[in-house]
Structures are given as structure tokens and as C-alpha cells.
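Okay, entry-v9.cif now, which holds mmCIF, C-alpha atoms:
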```
data_protein
#
loop_
_atom_site.group_PDB
_atom_site.id
_atom_site.type_symbol
_atom_site.label_atom_id
_atom_site.label_comp_id
_atom_site.auth_asym_id
_atom_site.auth_seq_id
_atom_site.Cartn_x
_atom_site.Cartn_y
_atom_site.Cartn_z
ATOM 1 C CA MET Z 24 4.591 5.603 18.396
ATOM 2 C CA TYR Z 25 8.377 5.473 18.413
ATOM 3 C CA GLU Z 26 10.262 8.664 19.188
ATOM 4 C CA VAL Z 27 12.739 9.772 16.549
ATOM 5 C CA PRO Z 28 16.209 8.907 17.888
ATOM 6 C CA GLU Z 29 19.454 10.650 17.073
ATOM 7 C CA PRO Z 30 20.784 9.864 13.563
ATOM 8 C CA HIS Z 31 23.706 7.457 13.288
ATOM 9 C CA ALA Z 32 26.936 8.112 11.407
ATOM 10 C CA GLY Z 33 29.440 5.475 10.315
ATOM 11 C CA TRP Z 34 29.123 1.868 9.263
ATOM 12 C CA THR Z 35 26.853 -0.724 10.825
ATOM 13 C CA PHE Z 36 26.420 -4.489 10.666
ATOM 14 C CA LEU Z 37 22.874 -4.394 9.285
ATOM 15 C CA THR Z 38 21.385 -2.866 6.164
ATOM 16 C CA ASN Z 39 18.377 -0.591 6.288
ATOM 17 C CA HIS Z 40 16.434 -3.303 4.461
ATOM 18 C CA ALA Z 41 17.158 -5.754 7.305
ATOM 19 C CA ARG Z 42 16.162 -3.180 9.915
ATOM 20 C CA VAL Z 43 12.834 -2.442 8.184
ATOM 21 C CA LEU Z 44 12.124 -6.152 7.788
ATOM 22 C CA ALA Z 45 12.858 -6.750 11.484
ATOM 23 C CA VAL Z 46 10.465 -3.982 12.576
ATOM 24 C CA ILE Z 47 7.744 -5.409 10.341
ATOM 25 C CA ALA Z 48 8.413 -8.907 11.704
ATOM 26 C CA ASP Z 49 7.932 -7.517 15.194
ATOM 27 C CA ASN Z 50 4.699 -5.692 14.256
ATOM 28 C CA ASP Z 51 3.027 -6.664 10.980
ATOM 29 C CA HIS Z 52 0.712 -3.641 11.207
ATOM 30 C CA ALA Z 53 3.475 -1.076 11.845
ATOM 31 C CA ARG Z 54 2.941 2.317 10.245
ATOM 32 C CA ILE Z 55 5.599 3.654 7.884
ATOM 33 C CA ARG Z 56 6.033 6.638 10.199
ATOM 34 C CA ASP Z 57 6.826 4.329 13.141
ATOM 35 C CA ILE Z 58 9.128 2.100 11.083
ATOM 36 C CA ALA Z 59 11.010 5.197 9.914
ATOM 37 C CA ALA Z 60 11.433 6.540 13.433
ATOM 38 C CA HIS Z 61 12.575 3.183 14.795
ATOM 39 C CA CYS Z 62 15.095 2.653 11.965
ATOM 40 C CA ARG Z 63 16.242 6.299 11.928
ATOM 41 C CA LEU Z 64 15.185 6.680 8.299
ATOM 42 C CA THR Z 65 12.896 9.010 6.414
ATOM 43 C CA GLU Z 66 9.393 7.832 5.607
ATOM 44 C CA ARG Z 67 10.261 8.061 1.919
ATOM 45 C CA ALA Z 68 13.288 5.765 2.427
ATOM 46 C CA VAL Z 69 11.097 3.230 4.237
ATOM 47 C CA GLN Z 70 8.528 3.351 1.434
ATOM 48 C CA LYS Z 71 11.274 2.636 -1.121
ATOM 49 C CA ILE Z 72 12.634 -0.251 0.976
ATOM 50 C CA ILE Z 73 9.148 -1.761 1.273
ATOM 51 C CA VAL Z 74 8.744 -1.502 -2.521
ATOM 52 C CA ASP Z 75 12.145 -3.228 -2.945
ATOM 53 C CA LEU Z 76 11.193 -6.026 -0.540
ATOM 54 C CA GLU Z 77 7.817 -6.489 -2.224
ATOM 55 C CA GLY Z 78 9.337 -6.451 -5.707
ATOM 56 C CA ASP Z 79 11.714 -9.279 -4.859
ATOM 57 C CA GLY Z 80 9.068 -11.342 -3.059
ATOM 58 C CA TYR Z 81 10.326 -10.950 0.508
ATOM 59 C CA LEU Z 82 7.248 -9.058 1.662
ATOM 60 C CA SER Z 83 3.636 -8.584 0.657
ATOM 61 C CA ARG Z 84 1.065 -6.157 1.977
ATOM 62 C CA THR Z 85 -2.677 -6.005 2.081
ATOM 63 C CA ARG Z 86 -4.867 -3.066 2.871
ATOM 64 C CA GLU Z 87 -6.908 -3.392 6.075
ATOM 65 C CA GLY Z 88 -9.090 -0.336 6.416
ATOM 66 C CA ARG Z 89 -6.792 2.656 6.564
ATOM 67 C CA SER Z 90 -3.658 0.652 7.388
ATOM 68 C CA ASN Z 91 -1.465 -2.017 5.840
ATOM 69 C CA ALA Z 92 -0.879 -5.541 7.053
ATOM 70 C CA TYR Z 93 2.454 -7.030 6.000
ATOM 71 C CA ARG Z 94 3.369 -10.662 5.421
ATOM 72 C CA ILE Z 95 7.006 -11.748 5.309
ATOM 73 C CA GLU Z 96 8.077 -14.774 3.263
ATOM 74 C CA PRO Z 97 10.222 -16.571 5.875
ATOM 75 C CA GLY Z 98 11.505 -19.304 3.541
ATOM 76 C CA LYS Z 99 12.891 -16.908 0.967
ATOM 77 C CA THR Z 100 16.674 -17.177 0.609
ATOM 78 C CA LEU Z 101 18.803 -14.110 1.363
ATOM 79 C CA ARG Z 102 20.010 -12.169 -1.693
ATOM 80 C CA HIS Z 103 23.777 -11.967 -1.282
ATOM 81 C CA PRO Z 104 25.564 -14.961 -2.859
ATOM 82 C CA ALA Z 105 27.544 -15.596 0.342
ATOM 83 C CA GLU Z 106 24.298 -16.253 2.251
ATOM 84 C CA ALA Z 107 22.283 -17.620 -0.672
ATOM 85 C CA ASP Z 108 24.904 -20.307 -1.383
ATOM 86 C CA LEU Z 109 24.471 -21.499 2.203
ATOM 87 C CA GLY Z 110 20.684 -21.488 1.886
ATOM 88 C CA LEU Z 111 20.226 -18.912 4.655
ATOM 89 C CA THR Z 112 16.640 -17.688 4.800
ATOM 90 C CA VAL Z 113 14.783 -14.630 5.969
ATOM 91 C CA ALA Z 114 13.554 -16.683 8.939
ATOM 92 C CA ALA Z 115 17.148 -17.365 10.006
ATOM 93 C CA LEU Z 116 17.996 -13.667 9.823
ATOM 94 C CA LEU Z 117 14.885 -12.594 11.681
ATOM 95 C CA SER Z 118 15.449 -15.154 14.421
ATOM 96 C CA LEU Z 119 18.508 -13.115 15.358
ATOM 97 C CA LEU Z 120 16.874 -9.698 15.048
ATOM 98 C CA VAL Z 121 13.328 -9.943 16.374
ATOM 99 C CA ARG Z 122 12.377 -10.103 20.017
ATOM 100 C CA ASP Z 123 11.158 -13.413 21.361
ATOM 101 C CA GLU Z 124 7.361 -13.595 21.356
ATOM 102 C CA GLN Z 125 7.250 -14.205 25.119
ATOM 103 C CA GLU Z 126 9.305 -11.069 25.800
ATOM 104 C CA ARG Z 127 6.907 -8.846 23.835
ATOM 105 C CA THR Z 128 3.761 -7.190 25.049
ATOM 106 C CA THR Z 129 1.456 -4.965 23.061
ATOM 107 C CA PRO Z 130 -0.602 -2.658 25.275
ATOM 108 C CA ALA Z 131 -3.919 -1.266 24.069
ATOM 109 C CA ASP Z 132 -2.180 1.863 22.760
ATOM 110 C CA GLY Z 133 -0.188 -0.282 20.283
ATOM 111 C CA ARG Z 134 3.247 0.510 21.657
ATOM 112 C CA HIS Z 135 5.735 -2.296 22.179
ATOM 113 C CA THR Z 136 7.459 -2.672 25.506
ATOM 114 C CA GLY Z 137 10.100 -4.978 26.880
ATOM 115 C CA THR Z 138 13.746 -5.470 26.083
ATOM 116 C CA ALA Z 139 15.155 -5.765 22.620
#
```

Serialized structure, C-alpha cells:
Amino acid sequence: MYEVPEPHAGWTFLTNHARVLAVIADNDHARIRDIAAHCRLTERAVQKIIVDLEGDGYLSRTREGRSNAYRIEPGKTLRHPAEADLGLTVAALLSLLVRDEQERTTPADGRHTGTA
């Protein structure tokens, strides 16, 4: 489980939606609690973001036992007209945000290690 880091004040380059999507791309079985801690958001905010992403077709989820498995639609075009006009996709965004597969390890306890 991620530890809750200090909150951030001021502007940033990424939206909370992009942060949540990046965490899910890194771990498609991530718990809302862990996503929230990693993104420095409340669990309720993460739930709303997931509903937004699902509603617009960027993300889908299926129930697997007591947890969710998420599937990202990598070919979906980004929403803002500046990116959409260029045909930039979710896959292009995530390629910048998500750790390389070879740099990641997932120990038996489910925690991610390595450099971001």
C-alpha cells in the first residue's frame, strides 16, 4: 500500500484525471485507497474521476472477486481540442507517465518498487 504523502499546493502540469489513469495503467488491479494515496487525493475524488473516465469511454472496470480490474482504452483520443486536433491518444500520454515494464517489479505483497 502507498503511504499518504504530504498534500501539494499550487499548480501542476498534470490533471488529477491523468494521475489516476497513470496509476491504473501501472497497476490495473489498484485499489481506490492506494490510487488516492499515490495521487494525494481523497478516495471519493478518485471514485468520481473513475466514473468520469468510464463515462467518456477511457476506462472500463470489471469485478474480480472483491476487487476491480481496470482496462484502459489506449487508442482513445485526448479530450482537449488542442490534443484531439493532433490525434494524440491515451497511449501517447501514458507512454510519458508510466514506468517502463522492465523497470517494474511486483513483489508478492503487491507493492511496486523501482524508480518512477

Excluding Leu120 (chain Z) and its own-chain neighbours fewer than 4 positions away, which residues fall within 10 Å of it when counting all atoms listed in the file? Please give them as a PDB file with C-alpha atoms, in the coordinates of the input.
```
ATOM      1  CA  LEU Z  37      22.874  -4.394   9.285  1.00  0.00           C
ATOM      2  CA  ALA Z  41      17.158  -5.754   7.305  1.00  0.00           C
ATOM      3  CA  ARG Z  42      16.162  -3.180   9.915  1.00  0.00           C
ATOM      4  CA  LEU Z  44      12.124  -6.152   7.788  1.00  0.00           C
ATOM      5  CA  ALA Z  45      12.858  -6.750  11.484  1.00  0.00           C
ATOM      6  CA  VAL Z  46      10.465  -3.982  12.576  1.00  0.00           C
ATOM      7  CA  ALA Z  48       8.413  -8.907  11.704  1.00  0.00           C
ATOM      8  CA  ASP Z  49       7.932  -7.517  15.194  1.00  0.00           C
ATOM      9  CA  ALA Z 114      13.554 -16.683   8.939  1.00  0.00           C
ATOM     10  CA  ALA Z 115      17.148 -17.365  10.006  1.00  0.00           C
ATOM     11  CA  LEU Z 116      17.996 -13.667   9.823  1.00  0.00           C
ATOM     12  CA  ALA Z 139      15.155  -5.765  22.620  1.00  0.00           C
TER      13      ALA Z 139
END
```

(message) I'd like to see the residues matched by the PyMOL selection byres ((chain Z and resi 83) around 9) on this file, and ideally I'd get them as a VMD selection string.
(response) chain Z and resid 73 76 to 78 80 to 82 84 to 85 92 to 96

(message) Counting all atoms listed in the file, which residue out of Z:Asp79, Z:Thr35, Z:Arg56, Z:Asn50 sits closest to Arg102 (chain Z)?
(response)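 Among the listed residues, the smallest separation from Arg102 (chain Z) belongs to Z:Asp79.
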
(request) Kindly indicate which residue among Z:Ala53, Z:Val113, Z:Val43, Z:Leu119 lies nearest to Lys71 (chain Z), using all atoms listed in the file for the distances. (result)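 The answer is Z:Val43, which sits nearest to Lys71 (chain Z).
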
(message) Can you tell me which residues surround Thr100 (chain Z) at a distance of at most 8 Å, considering all atoms listed in the file, apart from same-chain residues fewer than 5 positions away, and format the answer as a ChimeraX atom specification?
(response) /Z:106-107,110-113
